[in-house]
Structure formats: structure tokens, C-alpha cells
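Here is query_15.cif, consisting of mmCIF, C-alpha atoms:
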data_start
#
loop_
_atom_site.label_atom_id
_atom_site.label_comp_id
_atom_site.auth_asym_id
_atom_site.auth_seq_id
_atom_site.Cartn_x
_atom_site.Cartn_y
_atom_site.Cartn_z
CA MET A 28 -49.42 -119.20 -147.31
CA HIS A 29 -47.56 -121.95 -145.46
CA ASP A 30 -45.77 -124.87 -147.09
CA VAL A 31 -44.49 -127.76 -145.00
CA GLN A 32 -42.55 -130.84 -146.06
CA VAL A 33 -44.51 -134.06 -146.35
CA SER A 34 -42.19 -136.23 -144.26
CA ASP A 35 -39.83 -135.62 -141.35
CA ILE A 36 -36.08 -135.46 -141.87
CA ALA A 37 -34.08 -137.64 -139.51
CA LEU A 38 -31.02 -136.01 -137.94
CA PRO A 39 -28.79 -137.63 -135.31
CA GLY A 40 -30.86 -137.52 -132.13
CA MET A 41 -33.50 -135.23 -133.66
CA VAL A 42 -36.21 -134.98 -136.25
CA ALA A 43 -36.61 -131.92 -138.45
CA VAL A 44 -39.57 -130.43 -140.29
CA GLU A 45 -39.08 -127.71 -142.91
CA HIS A 46 -41.52 -124.82 -143.22
CA SER A 47 -41.81 -122.01 -145.74
CA PHE A 48 -44.13 -119.05 -145.22
CA GLU A 49 -45.20 -116.40 -147.72
CA VAL A 50 -45.25 -113.13 -145.79
CA PRO A 51 -45.82 -109.52 -146.87
CA LEU A 52 -42.66 -107.60 -147.68
CA ASP A 53 -44.36 -104.64 -145.99
CA HIS A 54 -46.67 -105.74 -143.18
CA ASP A 55 -48.50 -102.40 -143.51
CA ASP A 56 -49.45 -103.51 -147.02
CA PRO A 57 -50.65 -107.11 -146.58
CA GLU A 58 -51.96 -107.29 -150.15
CA GLY A 59 -48.68 -106.13 -151.68
CA GLN A 60 -45.46 -107.92 -152.61
CA ARG A 61 -44.74 -111.21 -150.85
CA ILE A 62 -41.46 -112.86 -149.87
CA SER A 63 -40.75 -116.28 -148.41
CA VAL A 64 -39.37 -116.93 -144.93
CA PHE A 65 -37.93 -120.35 -144.17
CA ALA A 66 -37.94 -122.03 -140.77
CA ARG A 67 -36.54 -125.39 -139.67
CA GLU A 68 -38.33 -127.11 -136.79
CA LEU A 69 -36.29 -129.44 -134.58
CA ALA A 70 -37.68 -131.86 -132.02
CA ASP A 71 -36.65 -134.74 -129.86
CA PRO A 72 -38.14 -137.87 -131.47
CA ASP A 73 -40.28 -138.26 -128.35
CA GLY A 74 -41.06 -134.56 -127.98
CA ARG A 75 -42.85 -133.50 -131.14
CA ASP A 76 -45.79 -132.05 -129.22
CA ARG A 77 -43.75 -129.89 -126.86
CA PRO A 78 -44.22 -126.09 -126.81
CA TYR A 79 -42.41 -124.00 -129.40
CA LEU A 80 -39.21 -122.05 -128.84
CA LEU A 81 -38.44 -119.58 -131.66
CA TYR A 82 -34.74 -118.72 -131.94
CA LEU A 83 -33.75 -115.32 -133.33
CA GLN A 84 -30.25 -115.28 -134.78
CA GLY A 85 -27.59 -112.57 -134.53
CA GLY A 86 -26.73 -110.36 -137.46
CA PRO A 87 -28.40 -108.60 -139.10
CA GLY A 88 -28.38 -110.60 -142.28
CA PHE A 89 -27.27 -114.04 -141.06
CA GLU A 90 -29.37 -117.18 -141.33
CA ALA A 91 -30.12 -119.45 -138.37
CA PRO A 92 -27.44 -121.99 -137.40
CA ARG A 93 -27.49 -125.35 -139.14
CA PRO A 94 -27.73 -128.25 -136.69
CA THR A 95 -25.92 -131.54 -137.11
CA THR A 96 -26.45 -133.22 -133.73
CA PRO A 97 -28.09 -131.84 -130.58
CA GLY A 98 -24.60 -131.50 -129.13
CA SER A 99 -23.34 -129.35 -132.02
CA LEU A 100 -25.33 -126.45 -130.55
CA GLY A 101 -25.34 -126.83 -126.79
CA TRP A 102 -28.33 -124.56 -126.31
CA VAL A 103 -30.36 -126.75 -128.70
CA ARG A 104 -29.61 -129.80 -126.57
CA ARG A 105 -30.98 -127.93 -123.54
CA ALA A 106 -33.94 -126.50 -125.45
CA LEU A 107 -35.12 -129.87 -126.77
CA LYS A 108 -35.71 -131.07 -123.21
CA ASP A 109 -38.62 -128.62 -122.92
CA PHE A 110 -39.43 -127.46 -126.45
CA ARG A 111 -39.65 -127.91 -130.14
CA VAL A 112 -37.15 -125.45 -131.62
CA LEU A 113 -37.97 -123.27 -134.61
CA LEU A 114 -34.85 -121.90 -136.34
CA LEU A 115 -35.85 -118.87 -138.41
CA ASP A 116 -33.90 -117.82 -141.48
CA GLN A 117 -34.76 -114.17 -141.07
CA ARG A 118 -36.00 -112.43 -144.21
CA GLY A 119 -33.31 -112.15 -146.88
CA THR A 120 -31.08 -114.86 -145.37
CA GLY A 121 -30.47 -118.58 -145.85
CA ARG A 122 -33.37 -120.28 -147.62
CA SER A 123 -35.65 -117.26 -147.34
CA THR A 124 -36.10 -115.05 -150.42
CA PRO A 125 -32.57 -113.85 -151.34
CA LEU A 126 -31.55 -110.34 -152.31
CA GLY A 127 -30.08 -111.26 -155.70
CA ALA A 128 -32.72 -109.49 -157.78
CA LEU A 129 -31.96 -106.16 -156.11
CA ALA A 130 -29.10 -105.52 -158.53
CA GLU A 131 -31.72 -104.96 -161.24
CA LEU A 132 -33.44 -102.13 -159.33
CA ASP A 133 -32.51 -98.46 -159.15
CA PRO A 134 -31.04 -97.21 -155.82
CA GLN A 135 -34.31 -95.66 -154.63
CA ARG A 136 -36.19 -98.94 -155.05
CA GLN A 137 -33.31 -100.91 -153.53
CA ALA A 138 -33.41 -98.69 -150.47
CA ALA A 139 -37.19 -98.90 -150.22
CA TYR A 140 -37.01 -102.70 -150.36
CA LEU A 141 -34.22 -102.96 -147.79
CA SER A 142 -36.01 -100.63 -145.38
CA HIS A 143 -38.21 -103.63 -144.50
CA PHE A 144 -35.40 -105.78 -143.09
CA ARG A 145 -34.97 -104.40 -139.59
CA ALA A 146 -36.10 -105.91 -136.28
CA ASP A 147 -39.68 -104.60 -136.53
CA SER A 148 -40.30 -106.47 -139.80
CA ILE A 149 -38.67 -109.64 -138.43
CA VAL A 150 -40.96 -109.54 -135.39
CA LEU A 151 -44.02 -109.13 -137.60
CA ASP A 152 -42.82 -112.12 -139.64
CA ALA A 153 -42.59 -114.10 -136.40
CA GLU A 154 -46.12 -113.12 -135.45
CA PHE A 155 -47.39 -114.09 -138.91
CA ILE A 156 -45.70 -117.50 -138.52
CA ARG A 157 -47.00 -117.97 -134.98
CA ARG A 158 -50.55 -117.49 -136.16
CA GLU A 159 -50.04 -119.78 -139.16
CA LEU A 160 -48.80 -122.53 -136.85
CA GLY A 161 -51.68 -122.03 -134.44
CA VAL A 162 -49.38 -121.24 -131.52
CA ASP A 163 -50.86 -119.30 -128.61
CA ARG A 164 -47.56 -118.01 -127.18
CA TRP A 165 -43.97 -119.10 -127.51
CA THR A 166 -40.64 -118.72 -125.79
CA VAL A 167 -38.24 -116.56 -127.81
CA PRO A 168 -34.49 -116.30 -127.15
CA GLY A 169 -32.45 -113.84 -129.17
CA GLN A 170 -28.68 -113.73 -129.57
CA SER A 171 -26.96 -110.38 -130.22
CA PHE A 172 -29.06 -108.69 -132.95
CA GLY A 173 -31.66 -111.33 -132.12
CA GLY A 174 -31.84 -109.74 -128.66
CA MET A 175 -32.71 -106.43 -130.29
CA CYS A 176 -35.48 -108.28 -132.09
CA VAL A 177 -36.74 -109.70 -128.78
CA THR A 178 -36.77 -106.20 -127.26
CA THR A 179 -38.80 -105.04 -130.26
CA TYR A 180 -41.10 -108.05 -129.78
CA LEU A 181 -41.73 -106.99 -126.15
CA SER A 182 -42.53 -103.51 -127.46
CA ILE A 183 -44.94 -104.24 -130.30
CA ALA A 184 -46.34 -107.78 -129.87
CA PRO A 185 -45.90 -109.03 -126.29
CA GLU A 186 -49.13 -111.01 -126.59
CA GLY A 187 -47.22 -113.56 -128.67
CA LEU A 188 -44.58 -114.23 -126.02
CA GLN A 189 -44.58 -116.82 -123.25
CA GLU A 190 -41.01 -115.99 -122.19
CA ALA A 191 -38.38 -113.57 -123.56
CA LEU A 192 -34.68 -114.41 -123.30
CA ILE A 193 -31.78 -112.22 -124.46
CA THR A 194 -28.11 -113.16 -124.77
CA GLY A 195 -25.66 -110.32 -125.38
CA GLY A 196 -28.12 -108.14 -127.25
CA LEU A 197 -30.01 -105.80 -124.93
CA PRO A 198 -29.97 -102.45 -126.79
CA GLY A 199 -30.14 -98.90 -125.54
CA LEU A 200 -33.61 -97.34 -125.55
CA GLY A 201 -33.92 -94.03 -127.36
CA ARG A 202 -30.16 -94.02 -127.84
CA THR A 203 -28.53 -92.97 -131.10
CA ALA A 204 -26.12 -94.99 -133.19
CA ASP A 205 -23.55 -92.32 -132.29
CA GLU A 206 -23.85 -93.21 -128.61
CA ALA A 207 -23.63 -96.93 -129.29
CA TYR A 208 -20.52 -96.60 -131.45
CA GLU A 209 -18.79 -94.17 -129.10
CA ARG A 210 -18.95 -96.87 -126.43
CA THR A 211 -18.03 -99.80 -128.62
CA TYR A 212 -14.99 -97.95 -129.96
CA GLY A 213 -13.83 -97.61 -126.38
CA GLN A 214 -14.12 -101.36 -125.97
CA VAL A 215 -12.22 -101.98 -129.22
CA ILE A 216 -9.33 -99.82 -128.05
CA LYS A 217 -9.33 -101.52 -124.64
CA ARG A 218 -9.20 -104.95 -126.26
CA GLN A 219 -6.19 -104.00 -128.35
CA ARG A 220 -4.31 -102.84 -125.28
CA VAL A 221 -4.91 -106.26 -123.75
CA TYR A 222 -3.94 -107.96 -127.01
CA ALA A 223 -0.68 -106.01 -127.22
CA GLU A 224 0.24 -107.16 -123.71
CA ARG A 225 -0.42 -110.77 -124.61
CA TYR A 226 1.30 -110.69 -128.01
CA PRO A 227 3.75 -107.76 -127.95
CA ASP A 228 5.58 -108.91 -131.10
CA ASP A 229 2.34 -108.57 -133.07
CA VAL A 230 2.38 -104.79 -132.57
CA ALA A 231 5.46 -104.51 -134.81
CA ARG A 232 3.92 -107.02 -137.21
CA LEU A 233 0.83 -104.84 -137.60
CA SER A 234 2.94 -101.72 -138.19
CA GLU A 235 4.94 -103.54 -140.85
CA LEU A 236 1.79 -104.80 -142.49
CA ARG A 237 0.32 -101.31 -142.58
CA ARG A 238 3.43 -99.97 -144.35
CA THR A 239 3.28 -102.81 -146.86
CA LEU A 240 -0.37 -102.23 -147.71
CA GLU A 241 0.11 -98.48 -148.05
CA GLN A 242 3.23 -98.76 -150.22
CA ARG A 243 2.32 -101.49 -152.66
CA GLU A 244 -0.75 -103.06 -154.19
CA VAL A 245 -1.84 -106.36 -152.67
CA ARG A 246 -4.71 -108.16 -154.38
CA LEU A 247 -7.13 -110.55 -152.68
CA PRO A 248 -8.35 -113.77 -154.32
CA VAL A 249 -11.59 -112.03 -155.39
CA GLY A 250 -9.55 -109.34 -157.16
CA ASP A 251 -10.19 -106.50 -154.69
CA ARG A 252 -7.25 -104.55 -153.39
CA LEU A 253 -6.38 -105.21 -149.75
CA THR A 254 -6.21 -101.74 -148.22
CA TRP A 255 -5.13 -101.02 -144.64
CA ARG A 256 -8.61 -99.75 -143.75
CA ARG A 257 -10.08 -102.99 -145.04
CA PHE A 258 -7.52 -105.13 -143.26
CA ARG A 259 -8.03 -103.46 -139.88
CA GLN A 260 -11.58 -104.82 -139.78
CA VAL A 261 -10.01 -108.07 -138.54
CA GLY A 262 -10.15 -106.38 -135.14
CA THR A 263 -13.73 -107.64 -134.92
CA MET A 264 -12.23 -111.00 -133.87
CA LEU A 265 -11.17 -109.56 -130.54
CA GLY A 266 -14.73 -109.55 -129.21
CA MET A 267 -14.94 -113.35 -129.14
CA SER A 268 -13.56 -115.75 -126.56
CA ASP A 269 -10.98 -117.16 -128.97
CA GLY A 270 -10.46 -113.93 -130.90
CA ALA A 271 -6.98 -112.97 -129.65
CA GLU A 272 -5.59 -116.36 -130.60
CA ARG A 273 -7.30 -116.35 -133.99
CA LEU A 274 -5.85 -112.93 -134.76
CA HIS A 275 -2.39 -113.97 -133.60
CA TYR A 276 -2.41 -117.06 -135.81
CA LEU A 277 -3.58 -114.95 -138.74
CA LEU A 278 -0.72 -112.50 -138.26
CA GLU A 279 1.89 -115.25 -138.17
CA LEU A 280 1.09 -116.07 -141.82
CA PRO A 281 3.20 -114.43 -144.58
CA GLU A 282 1.15 -111.63 -146.11
CA ASP A 283 1.71 -112.94 -149.63
CA SER A 284 0.54 -116.48 -148.80
CA PRO A 285 -2.78 -117.74 -150.18
CA ALA A 286 -3.84 -118.65 -146.64
CA PHE A 287 -3.34 -115.10 -145.33
CA LEU A 288 -5.07 -113.47 -148.30
CA HIS A 289 -8.01 -115.84 -148.06
CA ASP A 290 -8.44 -115.35 -144.32
CA VAL A 291 -8.39 -111.53 -144.48
CA GLU A 292 -10.61 -111.27 -147.53
CA ASP A 293 -13.90 -110.62 -145.73
CA PRO A 294 -13.63 -110.70 -141.92
CA LEU A 295 -17.16 -109.38 -141.44
CA GLY A 296 -18.83 -111.50 -144.11
CA PHE A 297 -20.07 -108.57 -146.20
CA ALA A 298 -20.01 -110.33 -149.56
CA ARG A 299 -21.94 -113.32 -148.28
CA ASN A 300 -24.30 -111.32 -146.09
CA PRO A 301 -24.91 -107.90 -147.67
CA ILE A 302 -27.80 -107.06 -145.33
CA TYR A 303 -25.22 -106.89 -142.57
CA ALA A 304 -23.26 -104.22 -144.41
CA VAL A 305 -26.27 -102.20 -145.52
CA LEU A 306 -28.37 -102.24 -142.33
CA HIS A 307 -25.94 -102.71 -139.46
CA GLU A 308 -26.12 -99.05 -138.44
CA ALA A 309 -29.88 -98.87 -139.04
CA CYS A 310 -30.37 -101.65 -136.51
CA TRP A 311 -29.07 -99.27 -133.83
CA ALA A 312 -31.45 -96.49 -134.88
CA ASP A 313 -34.28 -96.28 -132.35
CA GLY A 314 -35.61 -93.42 -134.42
CA GLY A 315 -33.76 -90.82 -136.49
CA SER A 316 -31.02 -91.25 -139.08
CA THR A 317 -27.52 -92.71 -138.65
CA ARG A 318 -25.57 -90.69 -141.28
CA TRP A 319 -22.63 -93.13 -141.17
CA ALA A 320 -22.24 -92.95 -137.40
CA ALA A 321 -19.27 -95.31 -137.26
CA GLU A 322 -17.25 -93.10 -139.59
CA ARG A 323 -18.20 -89.89 -137.78
CA MET A 324 -17.46 -91.33 -134.34
CA LEU A 325 -14.15 -92.95 -135.32
CA PRO A 326 -11.62 -91.93 -132.62
CA PRO A 327 -8.57 -90.14 -134.07
CA GLN A 328 -6.23 -92.52 -132.25
CA ILE A 329 -7.50 -95.45 -134.34
CA GLU A 330 -5.79 -93.83 -137.31
CA SER A 331 -2.84 -92.18 -135.56
CA GLU A 332 -1.84 -95.32 -133.62
CA GLY A 333 -2.60 -97.77 -136.41
CA LEU A 334 -5.27 -99.57 -134.37
CA LEU A 335 -7.81 -102.05 -135.65
CA THR A 336 -11.56 -101.48 -135.84
CA GLY A 337 -14.39 -103.75 -134.73
CA GLU A 338 -17.96 -104.40 -135.77
CA HIS A 339 -18.27 -101.11 -137.62
CA VAL A 340 -19.44 -100.37 -141.16
CA TYR A 341 -18.14 -97.43 -143.18
CA PRO A 342 -19.26 -95.87 -146.48
CA TRP A 343 -15.95 -96.84 -148.10
CA VAL A 344 -16.75 -100.57 -147.83
CA PHE A 345 -19.07 -100.07 -150.79
CA GLU A 346 -16.00 -98.98 -152.76
CA ASP A 347 -13.40 -101.44 -151.47
CA TYR A 348 -15.67 -104.50 -151.69
CA ALA A 349 -16.68 -105.08 -155.31
CA ALA A 350 -19.45 -107.40 -154.14
CA LEU A 351 -21.13 -104.48 -152.36
CA ALA A 352 -20.82 -101.96 -155.19
CA PRO A 353 -24.36 -102.62 -156.58
CA LEU A 354 -25.81 -101.45 -153.25
CA ARG A 355 -23.58 -98.41 -152.76
CA ASP A 356 -26.10 -95.71 -153.60
CA ALA A 357 -28.88 -97.47 -151.71
CA ALA A 358 -26.64 -97.67 -148.65
CA HIS A 359 -26.12 -93.90 -148.77
CA LEU A 360 -29.87 -93.35 -149.03
CA LEU A 361 -30.49 -95.61 -146.04
CA ALA A 362 -27.85 -93.78 -144.01
CA GLU A 363 -29.89 -90.57 -144.45
CA ARG A 364 -33.26 -92.22 -143.87
CA GLU A 365 -35.34 -91.14 -140.87
CA TRP A 366 -36.12 -94.45 -139.19
CA PRO A 367 -39.12 -95.07 -136.95
CA ALA A 368 -38.52 -96.10 -133.34
CA LEU A 369 -37.98 -99.79 -132.67
CA TYR A 370 -38.82 -99.81 -128.97
CA ASP A 371 -41.85 -98.63 -127.00
CA ARG A 372 -40.57 -97.46 -123.62
CA ASP A 373 -44.07 -97.23 -122.15
CA ALA A 374 -44.91 -100.78 -123.21
CA LEU A 375 -41.61 -102.05 -121.80
CA ALA A 376 -42.21 -100.23 -118.52
CA ARG A 377 -45.46 -102.13 -118.05
CA ASN A 378 -44.15 -105.44 -119.42
CA GLU A 379 -45.83 -108.60 -118.11
CA VAL A 380 -43.86 -111.20 -120.09
CA PRO A 381 -41.35 -113.15 -117.96
CA ALA A 382 -37.99 -111.93 -119.28
CA ALA A 383 -34.30 -112.45 -118.56
CA ALA A 384 -31.07 -111.28 -120.20
CA VAL A 385 -27.42 -112.19 -119.88
CA ILE A 386 -25.22 -109.08 -120.07
CA TYR A 387 -21.51 -109.66 -120.68
CA VAL A 388 -19.35 -107.27 -118.68
CA ASP A 389 -16.74 -106.70 -121.40
CA ASP A 390 -18.95 -107.15 -124.47
CA MET A 391 -17.19 -105.47 -127.42
CA TYR A 392 -20.30 -105.32 -129.61
CA VAL A 393 -23.17 -104.41 -127.25
CA GLU A 394 -21.88 -102.13 -124.54
CA ARG A 395 -22.70 -103.15 -120.99
CA SER A 396 -23.78 -99.74 -119.65
CA LEU A 397 -26.53 -99.37 -122.25
CA SER A 398 -27.74 -102.92 -121.63
CA GLU A 399 -27.93 -102.40 -117.88
CA GLU A 400 -29.80 -99.14 -118.38
CA THR A 401 -32.37 -100.92 -120.55
CA ALA A 402 -32.66 -103.89 -118.17
CA ALA A 403 -33.76 -101.48 -115.45
CA ARG A 404 -36.47 -100.07 -117.74
CA ILE A 405 -38.12 -103.36 -118.73
CA ARG A 406 -40.55 -104.29 -115.99
CA GLY A 407 -39.77 -107.66 -114.44
CA LEU A 408 -36.70 -108.40 -116.56
CA ARG A 409 -34.07 -110.28 -114.58
CA PRO A 410 -30.50 -109.49 -115.69
CA TRP A 411 -27.59 -111.85 -115.28
CA ILE A 412 -24.41 -109.75 -115.42
CA THR A 413 -21.29 -111.87 -115.84
CA ASN A 414 -17.64 -111.69 -116.89
CA GLU A 415 -17.46 -115.46 -117.44
CA TYR A 416 -18.11 -115.14 -121.16
CA GLU A 417 -17.54 -112.96 -124.17
CA HIS A 418 -20.18 -112.06 -126.76
CA ASN A 419 -20.21 -115.64 -128.09
CA GLY A 420 -21.13 -117.17 -124.75
CA LEU A 421 -24.20 -118.92 -126.18
CA ARG A 422 -21.98 -120.64 -128.72
CA VAL A 423 -19.34 -121.83 -126.26
CA ASP A 424 -21.58 -122.77 -123.29
CA GLY A 425 -25.10 -122.61 -124.63
CA GLU A 426 -26.55 -125.39 -122.52
CA ARG A 427 -25.68 -123.60 -119.28
CA ILE A 428 -26.63 -120.13 -120.48
CA LEU A 429 -30.05 -121.10 -121.84
CA GLY A 430 -30.70 -123.21 -118.76
CA ARG A 431 -29.93 -120.35 -116.40
CA LEU A 432 -32.08 -117.88 -118.34
CA LEU A 433 -34.99 -120.33 -118.21
CA ASP A 434 -34.40 -120.72 -114.46
CA LEU A 435 -34.47 -116.93 -114.10
CA VAL A 436 -37.77 -116.40 -115.93
CA ARG A 437 -39.35 -119.32 -114.09
CA GLY A 438 -38.23 -118.13 -110.69
CA ARG A 439 -35.99 -121.08 -109.94
CA VAL A 440 -32.96 -118.91 -109.08
#
Let me see whether you can do it: turn the structure in this file into C-alpha cells.
Amino acid sequence: MHDVQVSDIALPGMVAVEHSFEVPLDHDDPEGQRISVFARELADPDGRDRPYLLYLQGGPGFEAPRPTTPGSLGWVRRALKDFRVLLLDQRGTGRSTPLGALAELDPQRQAAYLSHFRADSIVLDAEFIRRELGVDRWTVPGQSFGGMCVTTYLSIAPEGLQEALITGGLPGLGRTADEAYERTYGQVIKRQRVYAERYPDDVARLSELRRTLEQREVRLPVGDRLTWRRFRQVGTMLGMSDGAERLHYLLELPEDSPAFLHDVEDPLGFARNPIYAVLHEACWADGGSTRWAAERMLPPQIESEGLLTGEHVYPWVFEDYAALAPLRDAAHLLAEREWPALYDRDALARNEVPAAAVIYVDDMYVERSLSEETAARIRGLRPWITNEYEHNGLRVDGERILGRLLDLVRGRV
């Protein structure tokens, strides 16, 4: 089922059309439970018949960006020159069917439901939508987790792709979550060494803050206790181009100020985006189980030196974050689940879809060595390896990045 708005919505410099699709929760059971997936179509007023570009957002568990003007998202401005853009609120996010009703289910049924929210299900949603729209093939860029989705797309449904573009999200093939986290922890530690050189006074500030949080109870606006292990998740900022400055300005605030407590409340967005907390590790599982890989691979020096952590999810977050408590037992079940493979190495080795990927040299979230290894295994993929940007390159210079990737797949560079 496909619902579409009757009239266009006028945005500055663009027109928008809103779509809602009823898709199977489990694509292996097309007659079973259905959920809705929302997509917003953007077009230049004079380009409503251009080919489609489907954008796959980072995450997991985050909806597509909300446009205001073409310039608010530089890559959209570039895309609208050649395409209509379809912004997909991946299942469970944004205006797609929310997860709210899960609290009423027992943990086994919660886990069974959430098992359908990885990249493979998102790709099958995209294929369902492509057929509903009558599209032969489309160009699909994916940012971060969206790049993992594009790699899955190349593995299981390449017939739907005209071009495949990946920005900071080329995953390891056949690699375990343990291997991914071992490498990203190394990047987290490296970033903090650089941070300490830039802001040496903040090292003492962090030590003082740790003592405070371990010696007395500090409550956040939502009522949760601010523990040191919860606070150190702010280290995730360091993977972005402006992250060191954002962290520095956070640390200059008094720890008992409303501003500080608000800003440290949920650095990874768990309460707003629970899929991210529940399935982050599972998204790295190209087969097998994860068994709380981030906790098992945590380097001892993180604790002994009072270092921060990055984009890592631990079992204790379902204790420290009251908003996540209803999914605690389901999260443990999913951590033990034996996941099917996401990527088909044989299909990727014989790939015929024009493909390109930007790989960021110092990416703190998707480690370069694994991305380069995968780039060499996808037939015809053209990698662009650069230290000009951090993981958020598409956000800060999207027009240039998308333009160069299109030039790469079209043989113009």
C-alpha cells in the first residue's frame, strides 16, 4: 500500500511530496504484520521528472534529515541538479511506525520485533518502495550506517541500483564486532591524546569531574544519576570536525549548572533513538553474535587513565538510562542472537553497479583499514581516501563530496 499527499508542499527553492508505504515487518512473511515507512520527496520546481536518488541516513535508528532550503544540506543542493531526492525515514524512525508499543510486549517478542531493523530489512524496504514508485533503478548514497546499507544493497539487490555511493560507512566484510571495536577504540584513544595537547587544562578538569561524580550523587534533568561511565560517552564528539571545540566548551561549564546537566544528559541520543542503543552492535555483525563486544573489548587504559569512550554501547546503559529500561532484557537477548550475514562477498566480487566511496583517513567511527580492505573486494568500486574531512564530511561540505562521488562513478575523474 502506498499513500501520497494530494498536493505538493512548497519549500524555499524546492517542492516536496510526502509518501507513506505499508511494508511487511518481516519481508520473508509478506502476508504478516505490516508497518509504515515514510519518505519525503524533494525536487527542483523545474525538475520533478528527474531520476530518483534515495538517501540512506546514518544511525541506526535516526530519521532522514529535515530540509529547510536547498542550501541547508549542501549535498541536497548538488543532488537536485540531477535528481529528485527521496529522504527515507528508515523503519522505526521519524514518521515511520514508532517503537512505542514495544513496552507492552514481553522481552522475547520485543527482541523478535527488533531483529527486523538491521540493514537487510531497510534494503528490502527500499526495494519495495522502488517497485511501488515504478522506478527501474536509482542512485543510492549512504552516510555512515547508510553506507553499510548500501553495501548490503549491492549484496542482495544490485538490480535496483543505478549508482552506489558511500560516505564514511564502508564496513568490513566477514569481520566481527570485536574487530571493529578493537580498531575504533584505538582511534578514540588517539583522539584524546590530540585533544589533551590542544586543551591541556581540560585533562585536570576531567579528573576533577570524575572524582565529583564518583563521590557524590549528581542528578540529570530527567532524574537519572550522572555516573562517570555515562558521562565519558561525551567522547563521541571527538570524531566530528568540530568535536574538540564542542567538548571544550562543555567542560568549561560548572558541573552543577542547568546548561551542563542538560548537555551531558544523552550525548548519543539513546532516549530519543532507542534503536541506536539496541542494535548498534548488531549492525556490525556480518554473521554471528556480538555478546556486548564493546564492553568485552574495552581497553584497560580507558578505565585506568580516566579516558572517554566513543560510539560504543554497553549493557549498563539499560540500567543508567531509565528511558531504555523497558528494552533491557530484549537488548540482552539480541546481544546473544546469531545474526545472518549482511554482505555477500561473491556478489560484491562480481559487482557491476558503478560504485564509489569516500574513506576518511582518521575516521573514529568506521576504521579506515577495514574500509580499504572492503573497497578492494567490491569489483569496480572507486575509493576516494582523504584526510580533508572527519566522519561528518557530508554535513560540512556535502556539495563537493557528493559531486566528486558522482564524478567518480561516471568516470569524469
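Here CA of Tyr276 (chain A) and CA of Asn300 (chain A) stand 24.9 Å from one another.
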- So what does the PyMOL selection byres ((chain A and resi 391) around 9) actually pick up in this one, as a PyMOL selection string? chain A and resi 210-215+218+263+265-267+337-338+389-390+392-395+417-418
- Find the residues around Ala43 (chain A) up to 7 Å (only C-alpha atoms counted), leave out those fewer than 5 positions away in its own chain, and share them as a PyMOL selection string. chain A and resi 35-38+67-70
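Considering the residues A:Thr178, A:Ser316, A:Ser396, A:Thr336 and counting only C-alpha atoms, Leu295 (chain A) has its shortest atom-to-atom contact with A:Thr336.
The residue that comes closest to Leu408 (chain A), out of A:Arg422, A:Arg136, A:His46, A:Arg437 and on the basis of all atoms listed in the file, is A:Arg437.
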- Report the distance between CA of Val380 (chain A) and CA of Ile193 (chain A) in Å, rounded to one decimal place. 12.9 Å
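Candidate residues A:Leu325, A:Val344, A:Leu433, A:Leu151 were compared for distance to Thr254 (chain A), and the nearest is A:Val344, using all atoms listed in the file.
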- Evaluate the PyMOL selection byres ((chain A and resi 324) around 12) here and jot the selected residues down as a VMD selection string. chain A and resid 203 to 213 317 to 323 325 to 329 336 339 to 341
- Expanded to explicit residues, what is the PyMOL selection byres ((chain A and resi 152-168) around 6) for this file, as a list in words? Tyr79, Leu80, Leu81, Tyr82, Ile149, Val150, Leu151, Gly169, Gly187, Leu188, Gln189, Glu190, Ala191, Leu192 and Ile193 of chain A
- How far is it from CA of Leu114 (chain A) to CA of Met41 (chain A), in Å with one decimal? 13.7 Å
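Closest approach to Tyr370 (chain A) from the set A:Tyr180, A:Phe65, A:Trp102, A:Tyr303 is made by A:Tyr180, with distances taken over all atoms listed in the file.
In terms of minimum interatomic distance to Asp313 (chain A), A:Met175 ranks closest within A:Met175, A:Val221, A:Val42, A:Leu132, counting only C-alpha atoms.
Proximity of A:Gly40, A:Gly314, A:Pro92, A:Gly250 to Gly201 (chain A), computed with all atoms listed in the file, is greatest for A:Gly314.
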- Write out as a PyMOL selection string which residues come within 10 Å of Leu432 (chain A) when counting only C-alpha atoms, dropping same-chain ones fewer than 3 positions away. chain A and resi 168+190-194+382-385+409-411+427-429+435-440
